>>> print(open('data.txt').read())   # compact mmCIF, C-alpha atoms
# COMPACT_ATOMS: atom_id res chain seq x y z
CA MET U 37 1.52 15.27 22.39
CA ALA U 38 -0.67 13.86 25.16
CA ASP U 39 -0.28 10.31 23.76
CA ARG U 40 3.51 10.61 23.81
CA ASP U 41 3.51 12.15 27.28
CA ASP U 42 1.16 9.50 28.67
CA PHE U 43 3.21 6.71 27.08
CA LEU U 44 6.47 8.13 28.46
CA ALA U 45 4.94 8.37 31.94
CA TRP U 46 3.89 4.69 31.67
CA VAL U 47 7.42 3.68 30.56
CA ARG U 48 8.98 5.55 33.48
CA THR U 49 6.62 4.09 36.07
CA ALA U 50 4.80 0.82 35.35
CA LEU U 51 7.32 -0.57 32.86
CA TYR U 52 10.31 0.46 34.97
CA GLU U 53 8.79 -1.03 38.13
CA ALA U 54 8.02 -4.31 36.32
CA GLU U 55 11.60 -4.63 35.10
CA LEU U 56 12.96 -3.85 38.57
CA ALA U 57 10.66 -6.51 40.06
CA LEU U 58 11.87 -9.06 37.49
CA HIS U 59 15.48 -8.36 38.42
CA ASN U 60 14.54 -8.99 42.05
CA GLY U 61 13.06 -12.40 41.18
CA ASN U 62 9.39 -11.49 40.61
CA ALA U 63 8.33 -12.04 36.99
CA GLY U 64 4.63 -11.37 37.67
CA PRO U 65 4.64 -7.61 37.04
CA ARG U 66 6.55 -8.03 33.76
CA ARG U 67 4.17 -10.71 32.53
CA ALA U 68 1.19 -8.52 33.44
CA LEU U 69 2.44 -5.80 31.08
CA TRP U 70 2.85 -8.16 28.14
CA SER U 71 0.12 -8.68 25.59
CA ARG U 72 -2.02 -11.80 25.78
CA LYS U 73 -2.71 -11.45 22.05
CA GLU U 74 -0.56 -12.98 19.33
CA PRO U 75 1.93 -12.28 17.98
CA VAL U 76 4.32 -11.77 20.89
CA SER U 77 8.05 -12.41 20.78
CA VAL U 78 11.38 -11.98 22.52
CA LEU U 79 14.77 -12.01 20.87
CA GLY U 80 16.68 -11.91 24.10
CA ALA U 81 20.25 -11.49 25.15
CA TRP U 82 20.12 -14.98 26.74
CA ARG U 83 16.96 -16.67 25.45
CA ASN U 84 14.33 -16.25 22.73
CA ALA U 85 10.59 -16.87 22.89
CA GLY U 86 7.65 -16.76 20.52
CA GLY U 87 4.04 -17.09 21.60
CA GLN U 88 2.33 -17.07 24.98
CA GLN U 89 3.57 -20.44 26.29
CA GLU U 90 7.20 -19.68 25.48
CA LEU U 91 6.90 -16.22 27.06
CA ASP U 92 5.51 -17.73 30.24
CA LYS U 93 8.41 -20.20 30.40
CA LEU U 94 10.98 -17.50 29.65
CA PHE U 95 9.69 -15.05 32.25
CA THR U 96 9.42 -17.80 34.88
CA THR U 97 13.01 -18.86 34.18
CA LEU U 98 14.28 -15.28 34.34
CA GLY U 99 12.43 -14.66 37.60
CA LYS U 100 14.07 -17.72 39.13
CA SER U 101 17.52 -16.69 37.85
CA PHE U 102 17.53 -13.04 38.99
CA SER U 103 17.84 -11.78 42.58
CA GLU U 104 19.35 -9.00 44.66
CA CYS U 105 19.18 -6.23 42.06
CA THR U 106 21.30 -3.36 43.34
CA SER U 107 20.84 -1.13 40.30
CA TYR U 108 18.58 -0.99 37.26
CA VAL U 109 18.69 2.11 35.06
CA PHE U 110 16.80 2.39 31.78
CA ASP U 111 18.57 5.02 29.66
CA LEU U 112 15.88 5.81 27.08
CA GLN U 113 17.49 6.82 23.78
CA THR U 114 14.36 7.40 21.69
CA TYR U 115 10.68 6.52 21.55
CA ASP U 116 7.57 7.31 19.59
CA VAL U 117 3.85 6.68 19.54
CA SER U 118 1.76 6.30 16.40
CA GLY U 119 -1.89 5.57 17.09
CA ASP U 120 -2.10 2.31 19.02
CA MET U 121 1.55 1.37 18.41
CA ALA U 122 4.69 2.61 20.14
CA TYR U 123 8.35 1.72 20.53
CA THR U 124 11.28 2.39 22.84
CA VAL U 125 15.00 2.10 22.25
CA GLY U 126 17.40 2.34 25.13
CA LEU U 127 20.22 0.97 27.23
CA GLU U 128 19.52 -1.09 30.33
CA HIS U 129 22.30 -0.85 32.91
CA THR U 130 21.86 -3.60 35.49
CA SER U 131 23.68 -4.91 38.56
CA VAL U 132 22.05 -8.11 39.79
CA SER U 133 22.73 -11.65 40.91
CA VAL U 134 22.16 -14.20 38.14
CA ASP U 135 21.88 -17.73 39.52
CA GLY U 136 23.54 -16.46 42.68
CA GLU U 137 26.50 -14.81 40.95
CA PRO U 138 26.81 -11.00 40.97
CA ARG U 139 26.82 -9.51 37.46
CA THR U 140 26.85 -6.06 35.98
CA TYR U 141 25.94 -5.61 32.33
CA THR U 142 24.39 -3.28 29.79
CA LEU U 143 21.82 -4.40 27.24
CA ARG U 144 20.61 -2.59 24.16
CA ALA U 145 16.84 -2.99 24.26
CA THR U 146 14.20 -2.26 21.65
CA GLN U 147 10.57 -2.91 22.52
CA VAL U 148 7.34 -2.63 20.54
CA TYR U 149 4.02 -1.89 22.26
CA ARG U 150 0.34 -2.12 21.37
CA ARG U 151 -2.48 -0.25 23.04
CA GLU U 152 -5.08 -2.87 23.96
CA GLU U 153 -8.36 -1.84 25.56
CA GLY U 154 -6.82 1.51 26.46
CA GLU U 155 -3.66 0.09 28.11
CA TRP U 156 -0.13 -0.26 26.76
CA LYS U 157 1.11 -3.83 26.42
CA VAL U 158 4.50 -5.09 25.27
CA ALA U 159 4.34 -7.17 22.08
CA HIS U 160 8.02 -7.60 21.20
CA ARG U 161 11.43 -7.21 22.82
CA HIS U 162 14.88 -7.41 21.33
CA GLY U 163 17.79 -7.21 23.73
CA ASP U 164 21.47 -7.83 23.23
CA THR U 165 24.68 -7.08 25.05
CA VAL U 166 26.65 -4.00 24.21
CA PRO U 167 29.89 -5.04 22.51
CA GLY U 168 32.84 -4.30 24.76
>>> encode(input="data.txt", output="structure tokens")
Amino acid sequence: MADRDDFLAWVRTALYEAELALHNGNAGPRRALWSRKEPVSVLGAWRNAGGQQELDKLFTTLGKSFSECTSYVFDLQTYDVSGDMAYTVGLEHTSVSVDGEPRTYTLRATQVYRREEGEWKVAHRHGDTVPG
């Protein structure tokens, strides 16, 4: 159970803080938590990316688009850890300015993680809007 508990603590602290920073215009903490090993991918609600160069461009673009986050809540639905792999499934409830326009939305987000040199890194993200 220690692996699951440690992973959950990481999700609730480092991962949460990186997502909050991104929504306030700072993509650096998010990028730092992503793997530098291939394969990496994003099937995003707004944009997709595959590979390191595309991730860098995507995260830079998102950081420039987001500002003034007034609320970011990650409602974790389920997660698991199996050896050096893990996943999370949850709802992201966000109120933020996107390109200067206030927006509130909920995304369904599934992420896959790899433990690399003892640290969790994100390897894949799929996010889409919740049908209304």
>>> atom_distance(input="data.txt", atom1="atom CA of Ser118 of chain U", atom2="atom CA of Leu69 of chain U")
19.0 Å
>>> closest_residue(input="data.txt", among="U:Gly86, U:Gly119, U:Pro138, U:Gly64", to="Phe102 of chain U", atoms="all atoms listed in the file")
U:Pro138
>>> residues_around(input="data.txt", residues="Ala38 of chain U", least_positions_apart="5", cutoff="12 Å", atoms="only C-alpha atoms", output="CSV table (one decimal) with C-alpha atoms, in the coordinates of the input")
chain,number,residue,atom,x,y,z
U,43,PHE,CA,3.2,6.7,27.1
U,44,LEU,CA,6.5,8.1,28.5
U,45,ALA,CA,4.9,8.4,31.9
U,116,ASP,CA,7.6,7.3,19.6
U,117,VAL,CA,3.8,6.7,19.5
U,118,SER,CA,1.8,6.3,16.4
U,119,GLY,CA,-1.9,5.6,17.1
>>> atom_distance(input="data.txt", atom1="atom CA of Asp39 of chain U", atom2="atom CA of Ser107 of chain U")
29.2 Å
>>> atom_distance(input="data.txt", atom1="atom CA of Asp164 of chain U", atom2="atom CA of Ser77 of chain U")
14.4 Å
>>> residues_around(input="data.txt", residues="Ala122 of chain U", least_positions_apart="4", cutoff="12 Å", atoms="only C-alpha atoms", output="list in words")
Asp39, Arg40, Asp41, Asp42, Phe43, Leu44, Trp46, Val47, Thr114, Tyr115, Asp116, Val117, Ser118, Thr146, Gln147, Val148, Tyr149, Arg150, Arg151, Glu152, Glu155, Trp156, Lys157, Val158, Ala159 and His160 of chain U
>>> residues_around(input="data.txt", residues="Arg144 of chain U", least_positions_apart="6", cutoff="9 Å", atoms="all atoms listed in the file", output="ChimeraX atom specification")
/U:81,125-128,162-166
